[in-house]
Amino acid sequence: MFKPASLVLLALAPMAAFAQSNDLTGVWQGPYTSDLTRGTSAKLTPWGQEQFAKFDGKQDPCLPVGVTRQVNAPDPVEIVQTPSRIVILYESWHIFRSIPTDGREHPKNIDLTWFGNSVGKWEGDTLVIDIAGLNDKTSLDTVGHPHSDQLHLIERLKRTGPKTMAYEVTVDDPKAYTAPWKQSRVFQLKDGLELMEYVCLENEKDRGHLVGTK
Amino acid sequence: MFTRFLLTTLLVVPAIAQINNKGPEAPKGLPAPRTADGHIDFTGIYYGPGYGPSDPPIRGGDTIARNITRGMKPEDVPLLPSAVELMRQRAETNSKDDPEGLCLPMGTPRRDPYPWKIVQTPTLFVILFEGNVHSYRQIFLDGRPHDPNVVETWWGDSIGKWDGDTLVVDTVGMNDKAWLDLLGHPRTSQAHIIERYTRPELGRINIEITIDDPGAYSKPWKVYESSQLAPGWEIIEYICNENNRDVDHLVGK
């Protein structure tokens, strides 16, 4: 009796570890993404081209970088999941996003902020996060792809294996791009890794290097 | 949300008679919620300690953010002579080197007037702070010991365990840069801090904080904090180093 039972357990083990496919809990790490448009259908509008040409990299290194650049960063992120909320803790800039998944909509009059207003919902095993109310003080990536305050982002997070999560972001900004476009990448689960403290303003040495490229 | 901005303005005017928030309150007398495994569930958004609508009026700027020892007798704050001297220097320079004013982290267990949120899972207790540097604390509930190779940080290494309905949070590995309040009560790298969190009813969280820091105090001492639930509120974005007007005022005397 014992042997067949353990055989069954062994056979199920890889699936058991992945049984809760809608559980995103854990410390994850994605590839550093310096150019969010690479391999996508992104096409800048004339206004967008003008902004892109003007980008000189002279940004305050310790102000928030906005949603897409935060996700582009190579440092680990931790997802904390409860039935009514997803919290994403970022090591870089040591900042957080708190996303209700309780069915609420965006508020009617959103103040524009660096991280905007996020609402999440589950579509099957996929967490869909809708972000509106973003200010225009950031760029989408470190090479300077622009966006306006009309930016609307949709992120889709789906656990695809015991150690992997697919991430897709839809960039919808009619002022900067001719049509909405999508970028995808894969995040890896990092068992045993913990986020470290990160204090941008403490002994910050980057500012002196940010002299502009133009 | 306006009340919160108002609050910031009023903080620099200590003559104000009362600065408690006006805002939502939970019905009195309801029990604290519990998790599926029977523990108290602290999840919720709370006013800054002492700033709730039903908290005692804050008078003369005597807040926990300004003075963590407010309302205590001097003999209950066992400052070492070196700590007295450090506080004298900080008073002499009008707290111009206060890291919090320079947008550095408050560090454990310093508090500010802004709302804070707890998100609790069976293995993790996360505190999201609206104010200061809009950052977070992680408290591990999975039974791990302290990291034996802990690196000194502003928030330290925090682990929590249950003592009945009390969550006991033990923090070590803190740096000596943080101040415990605006007056500059010191914290050194010898600090060991134990916080005991209780939620006696739905609408309130209490924290008893033991500060054991032989680098600045001759014996362990205790601080009591209490925060009221702010049902329906959400953390709003707060970016300290965006248009920081405080730093120009931190000029000393």
# chains A, B, ... in the order shown; residues from 1 in each chain; ligands from 1

$ residues_around --residues "Asp246 in chain B" --least-positions-apart "6" --cutoff "10 Å" --atoms "only C-alpha atoms" --output "list in words"
Val12, Lys96, Gly101, Leu102, Cys103 and Cys240 of chain B

$ interface_residues --of "chain B" --to "chain A" --cutoff "9 Å" --atoms "only C-alpha atoms" --output "list in words"
Leu102, Cys103, Leu104, Pro105, Val119, Gln120, Thr121, Leu124, Val126, Leu128, Val133, His134, Ser135, Tyr136, Thr153, Trp154, Trp155, Gly156, Ile235, Glu237, Ile239, Cys240, Asn241 and Glu242 of chain B

$ select_by_dssp --residues "range 30-246 of chain B" --states "alpha helix (DSSP H)" --output "ChimeraX atom specification"
/B:81-92

$ atom_distance --atom1 "CA of Phe52 in chain A" --atom2 "CA of Asp149 in chain A"
15.2 Å

$ residues_around --residues "range 22-38 of chain B" --least-positions-apart "3" --cutoff "12 Å" --atoms "only C-alpha atoms" --output "PyMOL selection string"
(chain A and resi 82-83) or (chain B and resi 1-4+6-7+18-19+41-47+51-55+57+115+119-123+162+164-166+198-205+227-234)

$ decode --residues "range 97-126 of chain A" --atoms "N, CA, C and O atoms" --output "compact mmCIF listing (two decimals), in the first residue's frame"
# COMPACT_ATOMS: atom_id res chain seq x y z
N ARG A 97 3.86 49.40 -4.01
CA ARG A 97 2.56 49.63 -4.65
C ARG A 97 1.55 48.76 -3.91
O ARG A 97 1.83 47.62 -3.58
N SER A 98 0.37 49.32 -3.66
CA SER A 98 -0.68 48.61 -2.93
C SER A 98 -1.91 48.60 -3.83
O SER A 98 -2.44 49.65 -4.16
N ILE A 99 -2.33 47.41 -4.25
CA ILE A 99 -3.32 47.30 -5.32
C ILE A 99 -4.55 46.57 -4.81
O ILE A 99 -4.50 45.36 -4.53
N PRO A 100 -5.68 47.27 -4.64
CA PRO A 100 -6.87 46.58 -4.18
C PRO A 100 -7.39 45.61 -5.25
O PRO A 100 -7.37 45.92 -6.44
N THR A 101 -7.83 44.44 -4.82
CA THR A 101 -8.43 43.46 -5.74
C THR A 101 -9.84 43.13 -5.25
O THR A 101 -10.30 42.01 -5.37
N ASP A 102 -10.49 44.13 -4.64
CA ASP A 102 -11.80 43.90 -4.04
C ASP A 102 -12.93 44.35 -4.94
O ASP A 102 -14.07 44.51 -4.50
N GLY A 103 -12.65 44.58 -6.20
CA GLY A 103 -13.72 44.90 -7.14
C GLY A 103 -13.96 46.38 -7.34
O GLY A 103 -14.79 46.77 -8.15
N ARG A 104 -13.24 47.22 -6.62
CA ARG A 104 -13.47 48.66 -6.76
C ARG A 104 -12.98 49.16 -8.11
O ARG A 104 -12.12 48.55 -8.75
N GLU A 105 -13.50 50.32 -8.50
CA GLU A 105 -13.08 50.99 -9.74
C GLU A 105 -12.11 52.11 -9.37
O GLU A 105 -11.97 52.48 -8.21
N HIS A 106 -11.51 52.73 -10.40
CA HIS A 106 -10.71 53.93 -10.15
C HIS A 106 -11.62 55.01 -9.57
O HIS A 106 -12.78 55.12 -9.95
N PRO A 107 -11.10 55.86 -8.68
CA PRO A 107 -11.91 56.99 -8.24
C PRO A 107 -12.18 57.94 -9.42
O PRO A 107 -11.44 57.93 -10.40
N LYS A 108 -13.22 58.74 -9.29
CA LYS A 108 -13.62 59.60 -10.42
C LYS A 108 -12.61 60.70 -10.69
O LYS A 108 -12.24 60.95 -11.82
N ASN A 109 -12.17 61.38 -9.64
CA ASN A 109 -11.22 62.47 -9.84
C ASN A 109 -9.87 62.05 -9.28
O ASN A 109 -9.61 62.20 -8.09
N ILE A 110 -9.03 61.52 -10.14
CA ILE A 110 -7.74 61.02 -9.67
C ILE A 110 -6.71 62.14 -9.71
O ILE A 110 -6.56 62.81 -10.74
N ASP A 111 -6.02 62.34 -8.60
CA ASP A 111 -4.85 63.23 -8.61
C ASP A 111 -3.74 62.51 -9.37
O ASP A 111 -3.49 61.33 -9.13
N LEU A 112 -3.05 63.23 -10.24
CA LEU A 112 -1.96 62.59 -10.98
C LEU A 112 -0.77 62.38 -10.03
O LEU A 112 -0.35 63.30 -9.33
N THR A 113 -0.25 61.16 -10.03
CA THR A 113 0.88 60.84 -9.15
C THR A 113 1.91 60.03 -9.93
O THR A 113 1.68 59.61 -11.06
N TRP A 114 3.05 59.80 -9.29
CA TRP A 114 4.16 59.08 -9.93
C TRP A 114 3.78 57.63 -10.22
O TRP A 114 4.22 57.05 -11.21
N PHE A 115 3.00 57.03 -9.33
CA PHE A 115 2.62 55.62 -9.50
C PHE A 115 1.15 55.45 -9.87
O PHE A 115 0.68 54.32 -10.04
N GLY A 116 0.42 56.56 -9.98
CA GLY A 116 -0.96 56.49 -10.43
C GLY A 116 -1.87 55.76 -9.46
O GLY A 116 -1.52 55.49 -8.31
N ASN A 117 -3.05 55.45 -9.95
CA ASN A 117 -4.04 54.70 -9.16
C ASN A 117 -4.21 53.32 -9.78
O ASN A 117 -4.51 53.22 -10.97
N SER A 118 -3.99 52.30 -8.98
CA SER A 118 -4.06 50.92 -9.49
C SER A 118 -5.28 50.21 -8.94
O SER A 118 -5.57 50.30 -7.75
N VAL A 119 -5.99 49.49 -9.81
CA VAL A 119 -7.01 48.54 -9.35
C VAL A 119 -6.71 47.19 -10.03
O VAL A 119 -6.30 47.16 -11.19
N GLY A 120 -6.92 46.12 -9.28
CA GLY A 120 -6.60 44.80 -9.81
C GLY A 120 -7.82 43.91 -9.84
O GLY A 120 -8.74 44.09 -9.05
N LYS A 121 -7.81 42.96 -10.77
CA LYS A 121 -8.84 41.92 -10.76
C LYS A 121 -8.26 40.65 -11.35
O LYS A 121 -7.31 40.68 -12.13
N TRP A 122 -8.84 39.54 -10.93
CA TRP A 122 -8.39 38.25 -11.43
C TRP A 122 -9.23 37.86 -12.63
O TRP A 122 -10.45 37.85 -12.56
N GLU A 123 -8.57 37.56 -13.74
CA GLU A 123 -9.24 36.94 -14.88
C GLU A 123 -8.70 35.53 -14.96
O GLU A 123 -7.64 35.28 -15.52
N GLY A 124 -9.42 34.59 -14.36
CA GLY A 124 -8.89 33.23 -14.23
C GLY A 124 -7.62 33.28 -13.40
O GLY A 124 -7.64 33.79 -12.28
N ASP A 125 -6.53 32.79 -13.96
CA ASP A 125 -5.26 32.74 -13.23
C ASP A 125 -4.42 33.99 -13.46
O ASP A 125 -3.27 34.05 -13.04
N THR A 126 -4.97 34.95 -14.17
CA THR A 126 -4.18 36.14 -14.50
C THR A 126 -4.62 37.32 -13.66
O THR A 126 -5.82 37.64 -13.59
